[in-house]
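K.L.:
Take this structure, written in structure tokens, and hold onto it; I'll ask about it next.
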Amino acid sequence: VIALLGLLSQNLPRIEKASTASTLPETESGLIKRLFMFKCSLIQIIGNISHNNTAAQNLIRELHGLALVLDHMRIDDNHPFIKEYAVVALRSLLENNPTSQAYVSDMEAKGVVQDPKLASAGIQASLDSSGHISVKREASTNTFNVKENSGT
């Protein structure tokens, strides 16, 4: 299951804009949608297998399944709920398993993926030298006047 999820993750790109998917031929688009649904089902299986099962939790961690599940905690227009399934699977993988919890806790941020939607709103994320992520609003030429409500 972990190997198959990894293979699908490497070969099926995330689509952030639904309009991109509509440019594919209908037969190819249908196949890709089924593969994305299969990918979501694999995450659900991982979550179900690991629920209250320390042996399965440990095996999935050793097979690098935690990183794969964490990688799906981003929005994907091919399957809008994959992030939520990944959250539930991660809960099952970490529940009552201090070794897996420490594994995730010890992970370090490698970089920040800039989201075009946030950038268009003037929001910039960055990673400092200590590994902390900061989010800043970029300087804007737009000015807004906001009146305070004095309550009178």
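Just so we're on the same page: first chain in the structure tokens is A, next is B, and so on; residues restart at 1 for each chain, and ligands are numbered from 1 in the order they show up.
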Could you list, as a list in words, every residue within 12 Å of Ile133 of chain A, counting only C-alpha atoms and ignoring same-chain residues fewer than 2 positions away?
P.N.:
Glu108, Ala109, Lys110, Gly111, Val112, Val113, Gln114, Gln124, Ala125, Ser126, Leu127, Asp128, Ser129, Ser130, Gly131, Val135 and Lys136 of chain A
K.L.:
Show me, as a PyMOL selection string, the residues that have an atom within 9 Å of segment 101-105 of chain A when counting only C-alpha atoms, minus same-chain residues fewer than 5 positions from it.
P.N.:
chain A and resi 61+66-67+93-96
K.L.:
Using only C-alpha atoms, find the one residue out of A:Asn48, A:Gln10, A:Thr54, A:Asn78 that sits nearest to Lys33 of chain A.
P.N.:
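Selected residue with least distance to Lys33 of chain A: A:Asn78.
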K.L.:
List the spatial neighbours of segment 82-91 of chain A as an NGL selection string - criterion: any atom at most 7 Å away, only C-alpha atoms, same-chain residues fewer than 6 positions off excluded.
P.N.:
:A and (40 or 43-44 or 46-47 or 69-70 or 72-75)
K.L.:
Nearest to Gln57 of chain A among A:Ser41, A:Asp106, A:Ile2, A:Pro80, with distances taken over only C-alpha atoms: which residue is it?
P.N.:
A:Ile2
K.L.:
Any idea what the distance is between atom CA of Pro116 of chain A and atom CA of Leu8 of chain A?
P.N.:
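Those two atoms sit 24.3 Å apart.
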K.L.:
I'd like the interatomic distance between atom CA of Ala55 of chain A and atom CA of Val1 of chain A, to a tenth of an Å.
P.N.:
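About the pair atom CA of Ala55 of chain A and atom CA of Val1 of chain A: they are 15.4 Å apart.
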K.L.:
Apply DSSP to the structure's backbone, then extract all residues of segment 4-136 of chain A labelled strand (DSSP E) and return them as a list in words.
P.N.:
Ile123, Gln124, Ala125, Ser126, Leu127, Ile133, Ser134, Val135 and Lys136 of chain A
K.L.:
Would you save the residues of that selection, restricted to N, CA and C atoms, as a PDB file, in the first residue's frame?
P.N.:
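Full text of out_37.pdb as output:
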```
ATOM      1  N   ILE A 123       0.687  38.138   0.256  1.00  0.00           N
ATOM      2  CA  ILE A 123       1.187  37.431   1.435  1.00  0.00           C
ATOM      3  C   ILE A 123       2.377  36.581   1.017  1.00  0.00           C
ATOM      4  N   GLN A 124       3.461  36.694   1.764  1.00  0.00           N
ATOM      5  CA  GLN A 124       4.705  35.995   1.468  1.00  0.00           C
ATOM      6  C   GLN A 124       5.110  35.147   2.674  1.00  0.00           C
ATOM      7  N   ALA A 125       5.407  33.873   2.442  1.00  0.00           N
ATOM      8  CA  ALA A 125       5.893  32.984   3.496  1.00  0.00           C
ATOM      9  C   ALA A 125       7.387  32.792   3.314  1.00  0.00           C
ATOM     10  N   SER A 126       8.109  32.699   4.436  1.00  0.00           N
ATOM     11  CA  SER A 126       9.544  32.474   4.359  1.00  0.00           C
ATOM     12  C   SER A 126       9.992  31.592   5.517  1.00  0.00           C
ATOM     13  N   LEU A 127      11.152  30.995   5.352  1.00  0.00           N
ATOM     14  CA  LEU A 127      11.736  30.102   6.343  1.00  0.00           C
ATOM     15  C   LEU A 127      13.015  30.750   6.853  1.00  0.00           C
ATOM     16  N   ILE A 133       8.746  29.168  10.246  1.00  0.00           N
ATOM     17  CA  ILE A 133       8.074  29.776   9.098  1.00  0.00           C
ATOM     18  C   ILE A 133       7.436  31.075   9.542  1.00  0.00           C
ATOM     19  N   SER A 134       7.648  32.107   8.764  1.00  0.00           N
ATOM     20  CA  SER A 134       6.988  33.383   9.053  1.00  0.00           C
ATOM     21  C   SER A 134       6.170  33.783   7.835  1.00  0.00           C
ATOM     22  N   VAL A 135       5.076  34.440   8.100  1.00  0.00           N
ATOM     23  CA  VAL A 135       4.181  34.896   7.045  1.00  0.00           C
ATOM     24  C   VAL A 135       4.083  36.411   7.169  1.00  0.00           C
ATOM     25  N   LYS A 136       4.352  37.093   6.070  1.00  0.00           N
ATOM     26  CA  LYS A 136       4.338  38.557   6.079  1.00  0.00           C
ATOM     27  C   LYS A 136       3.509  39.067   4.920  1.00  0.00           C
TER      28      LYS A 136
END
```
